[in-house]
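A.B. asks: Okay, here's the structure, questions in a sec.
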Amino acid sequence: MTKIKDIYLNKGLRVGGFYELTIQVCPSSNMEPIKKYTEYIKSLKNVDGPFDRNFELTNIEIETFEHEWVLNLENVSIPFKTFNIHEDEPIETGFNWFDICFYTETIEQLFGEEYKTWDENPKCPPALNDFFNQTIMDLNNIHKFQLAMIDFEISGQYYLADMGKDFNNWTNSNFFVNEKDAHLISERNKTVVEIISG
């Protein structure tokens, strides 16, 4: 674990913004799905953590804004963060968000500089893309979310309500909405939103 500890503690690799999966989970009044989502991450066999800033194991505290982990893939171990964003002003109309975030510089250093996830045509390492896609399906099976998105620094950019409006999607953002909410998506946006059945 020495190598991954060095990567984890190397502040020079933990820069550049986040390439992330961000999920509009549920209304702010319900914290239970966030707890279940965080416990799911901890349960994964290829994930270690959560860790504190010194790379010591720590406990999940659901009220904590962020947790730090390590994802172990076939040839690479890469640090990542999960964020619990709790909109509470006012809580009656806010939402809980769950974000899974990888630093762009860490991605490029570990997978290769061709994997630029921050430009207009992001290139994500296939293993990370697989992780995101599997996680979307698994989390949705735990609790059906409202909207999921994958892109560079996309957290907070859109809500499910925005899928009914025509917006300029100037990047290659990926959007995921449950079949039950498909009627909320405008005809124009149906070309950029993946509908999850079930």
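We label chains A, B, ... in the order they appear in the structure tokens, count residues from 1 in each chain, and number ligands from 1 in the order shown.
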As a PyMOL selection string, which residues of region 6-158 of chain A does DSSP assign to strand (DSSP E)?
C.D. replies: chain A and resi 18-27+47-51+66-72+77-86+95-103+147-152
A.B. asks: Excluding same-chain residues fewer than 5 positions from region 71-78 of chain A, what lies within 7 Å of it counting only C-alpha atoms, as a ChimeraX atom specification?
C.D. replies: /A:4,46-48,110
A.B. asks: Output as JSON, numbers by chain all residues of region 21-162 of chain A that backbone DSSP marks as helix (DSSP H, G or I).
C.D. replies: {"A": [32, 33, 34, 35, 36, 37, 38, 39, 40, 41, 42, 43, 104, 105, 106, 107, 108, 109, 110, 111, 126, 127, 128, 129, 130, 131, 132, 133, 134, 135, 136, 137, 138, 139, 140, 141, 142, 160, 161, 162]}
A.B. asks: Using the selection just defined, write its residues with N, CA and C atoms as a short mmCIF file (atom, residue, chain, number, x, y, z; two decimals), in the first residue's frame.
C.D. replies:
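Listed below is the output, selection.cif:
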```cif
data_model
loop_
_atom_site.label_atom_id
_atom_site.label_comp_id
_atom_site.auth_asym_id
_atom_site.auth_seq_id
_atom_site.Cartn_x
_atom_site.Cartn_y
_atom_site.Cartn_z
N GLU A 32 -31.82 9.11 4.68
CA GLU A 32 -31.59 7.67 4.66
C GLU A 32 -30.94 7.18 3.36
N PRO A 33 -31.39 7.63 2.18
CA PRO A 33 -30.73 7.17 0.96
C PRO A 33 -29.25 7.54 0.89
N ILE A 34 -28.89 8.70 1.43
CA ILE A 34 -27.47 9.11 1.44
C ILE A 34 -26.67 8.15 2.30
N LYS A 35 -27.22 7.77 3.42
CA LYS A 35 -26.55 6.79 4.30
C LYS A 35 -26.37 5.47 3.56
N LYS A 36 -27.40 5.02 2.86
CA LYS A 36 -27.33 3.76 2.13
C LYS A 36 -26.33 3.84 0.98
N TYR A 37 -26.29 4.97 0.29
CA TYR A 37 -25.34 5.13 -0.81
C TYR A 37 -23.91 5.08 -0.28
N THR A 38 -23.65 5.74 0.84
CA THR A 38 -22.30 5.75 1.41
C THR A 38 -21.91 4.36 1.89
N GLU A 39 -22.84 3.65 2.50
CA GLU A 39 -22.57 2.28 2.95
C GLU A 39 -22.31 1.35 1.76
N TYR A 40 -22.99 1.61 0.65
CA TYR A 40 -22.74 0.82 -0.56
C TYR A 40 -21.28 0.99 -1.00
N ILE A 41 -20.80 2.23 -1.05
CA ILE A 41 -19.40 2.48 -1.45
C ILE A 41 -18.46 1.71 -0.54
N LYS A 42 -18.70 1.76 0.76
CA LYS A 42 -17.84 1.06 1.72
C LYS A 42 -17.89 -0.45 1.51
N SER A 43 -19.02 -0.98 1.06
CA SER A 43 -19.18 -2.42 0.91
C SER A 43 -18.47 -3.00 -0.32
N THR A 104 -8.85 15.34 -11.77
CA THR A 104 -8.45 15.17 -13.16
C THR A 104 -6.95 14.91 -13.29
N GLU A 105 -6.14 15.57 -12.47
CA GLU A 105 -4.69 15.38 -12.54
C GLU A 105 -4.31 13.96 -12.14
N THR A 106 -5.00 13.41 -11.14
CA THR A 106 -4.72 12.04 -10.71
C THR A 106 -5.06 11.07 -11.83
N ILE A 107 -6.18 11.29 -12.51
CA ILE A 107 -6.57 10.43 -13.63
C ILE A 107 -5.48 10.42 -14.71
N GLU A 108 -5.00 11.60 -15.07
CA GLU A 108 -4.00 11.69 -16.13
C GLU A 108 -2.68 11.06 -15.72
N GLN A 109 -2.28 11.24 -14.46
CA GLN A 109 -1.01 10.67 -14.00
C GLN A 109 -1.07 9.15 -13.93
N LEU A 110 -2.20 8.60 -13.53
CA LEU A 110 -2.29 7.16 -13.33
C LEU A 110 -2.70 6.40 -14.59
N PHE A 111 -3.51 7.01 -15.44
CA PHE A 111 -4.00 6.31 -16.62
C PHE A 111 -3.32 6.76 -17.92
N PRO A 126 -11.57 3.67 -19.64
CA PRO A 126 -12.67 2.70 -19.67
C PRO A 126 -12.98 2.09 -18.30
N ALA A 127 -11.97 1.82 -17.50
CA ALA A 127 -12.22 1.21 -16.18
C ALA A 127 -13.01 2.15 -15.28
N LEU A 128 -12.73 3.45 -15.33
CA LEU A 128 -13.49 4.41 -14.53
C LEU A 128 -14.90 4.57 -15.07
N ASN A 129 -15.01 4.55 -16.39
CA ASN A 129 -16.34 4.64 -17.00
C ASN A 129 -17.20 3.45 -16.58
N ASP A 130 -16.60 2.26 -16.58
CA ASP A 130 -17.32 1.06 -16.14
C ASP A 130 -17.74 1.18 -14.69
N PHE A 131 -16.85 1.72 -13.85
CA PHE A 131 -17.15 1.90 -12.43
C PHE A 131 -18.34 2.85 -12.26
N PHE A 132 -18.32 3.96 -12.97
CA PHE A 132 -19.43 4.91 -12.89
C PHE A 132 -20.74 4.27 -13.32
N ASN A 133 -20.73 3.60 -14.46
CA ASN A 133 -21.96 3.02 -14.99
C ASN A 133 -22.53 1.94 -14.08
N GLN A 134 -21.66 1.09 -13.53
CA GLN A 134 -22.13 0.06 -12.61
C GLN A 134 -22.67 0.69 -11.33
N THR A 135 -21.99 1.71 -10.85
CA THR A 135 -22.41 2.39 -9.63
C THR A 135 -23.77 3.06 -9.81
N ILE A 136 -23.99 3.68 -10.96
CA ILE A 136 -25.29 4.29 -11.25
C ILE A 136 -26.40 3.26 -11.10
N MET A 137 -26.21 2.11 -11.73
CA MET A 137 -27.25 1.07 -11.69
C MET A 137 -27.44 0.53 -10.28
N ASP A 138 -26.34 0.29 -9.58
CA ASP A 138 -26.44 -0.27 -8.23
C ASP A 138 -27.09 0.71 -7.26
N LEU A 139 -26.68 1.97 -7.30
CA LEU A 139 -27.28 2.96 -6.41
C LEU A 139 -28.75 3.16 -6.72
N ASN A 140 -29.09 3.14 -8.00
CA ASN A 140 -30.48 3.30 -8.38
C ASN A 140 -31.34 2.14 -7.88
N ASN A 141 -30.74 0.95 -7.81
CA ASN A 141 -31.46 -0.21 -7.26
C ASN A 141 -31.66 -0.08 -5.75
N ILE A 142 -30.72 0.59 -5.08
CA ILE A 142 -30.84 0.82 -3.64
C ILE A 142 -31.91 1.85 -3.34
N LEU A 160 -33.34 17.66 -12.13
CA LEU A 160 -34.31 16.93 -12.95
C LEU A 160 -35.27 17.90 -13.65
N ALA A 161 -35.68 18.95 -12.95
CA ALA A 161 -36.62 19.92 -13.54
C ALA A 161 -36.05 20.56 -14.81
N ASP A 162 -34.70 20.66 -14.90
CA ASP A 162 -34.08 21.25 -16.08
C ASP A 162 -34.19 20.36 -17.31
#
```
A.B. asks: Can you pull out every residue within 10 Å of Leu21 (chain A), counting only C-alpha atoms, but drop anything in the same chain fewer than 4 positions away, and send it as a ChimeraX atom specification?
C.D. replies: /A:82,98-102,129,132-133,135-136,148-155,174-175
A.B. asks: Quick one: distance from CA of Val192 (chain A) to CA of Ser173 (chain A) in Å, one decimal?
C.D. replies: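 Going from CA of Val192 (chain A) over to CA of Ser173 (chain A) covers 8.1 Å.
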A.B. asks: Point out the residue among A:Leu147, A:Phe80, A:Gln157, A:Lys165 with the least atom-to-atom distance to Ile196 (chain A), counting only C-alpha atoms.
C.D. replies: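 With only C-alpha atoms as the atom set, the closest residue is A:Leu147.
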A.B. asks: I'd like the contact shell of Pro90 (chain A) - 12 Å cut-off, only C-alpha atoms, skipping same-chain residues fewer than 6 positions apart - returned as a list in words.
C.D. replies: Pro27, Ser28 and Ser29 of chain A
A.B. asks: What does the file look like for those residues with N, CA and C atoms, as a short mmCIF file (atom, residue, chain, number, x, y, z; two decimals), in the first residue's frame?
C.D. replies:
```cif
data_model
loop_
_atom_site.label_atom_id
_atom_site.label_comp_id
_atom_site.auth_asym_id
_atom_site.auth_seq_id
_atom_site.Cartn_x
_atom_site.Cartn_y
_atom_site.Cartn_z
N PRO A 27 -35.41 14.45 -1.87
CA PRO A 27 -35.59 15.69 -1.10
C PRO A 27 -34.69 15.73 0.14
N SER A 28 -34.31 16.94 0.54
CA SER A 28 -33.39 17.13 1.67
C SER A 28 -33.91 16.57 2.99
N SER A 29 -35.21 16.44 3.09
CA SER A 29 -35.78 15.96 4.35
C SER A 29 -35.50 14.49 4.61
#
```
A.B. asks: Rank A:Val70, A:Ile195, A:Ile85, A:Ala182 by their smallest atom-to-atom distance to Leu44 (chain A), using only C-alpha atoms, and report the top residue only.
C.D. replies: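 Of the candidates, the smallest distance to Leu44 (chain A) is held by A:Val70.
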A.B. asks: So which one's closest to Lys190 (chain A), A:Cys124, A:Ile60, A:Met163, A:Val25? Using only C-alpha atoms, please.
C.D. replies: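 Nearest candidate to Lys190 (chain A) out of A:Cys124, A:Ile60, A:Met163, A:Val25: A:Met163.
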A.B. asks: Residues at most 12 Å from Asp88 (chain A), counting only C-alpha atoms, excluding those fewer than 4 positions away in the same chain, as a short mmCIF file (atom, residue, chain, number, x, y, z; two decimals) with C-alpha atoms, in the first residue's frame?
C.D. replies:
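Written file, selection_33.cif:
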```cif
data_model
loop_
_atom_site.label_atom_id
_atom_site.label_comp_id
_atom_site.auth_asym_id
_atom_site.auth_seq_id
_atom_site.Cartn_x
_atom_site.Cartn_y
_atom_site.Cartn_z
CA PRO A 27 -35.59 15.69 -1.10
CA SER A 28 -33.39 17.13 1.67
CA SER A 29 -35.78 15.96 4.35
CA ASN A 30 -34.73 12.31 3.76
CA MET A 31 -31.12 11.45 4.70
CA GLU A 92 -38.76 21.95 2.14
CA THR A 93 -37.62 22.52 -1.45
CA GLY A 94 -33.99 21.39 -1.30
CA PHE A 95 -32.39 18.11 -2.37
CA ASN A 96 -29.76 15.68 -1.21
CA TRP A 97 -26.92 15.11 -3.67
#
```
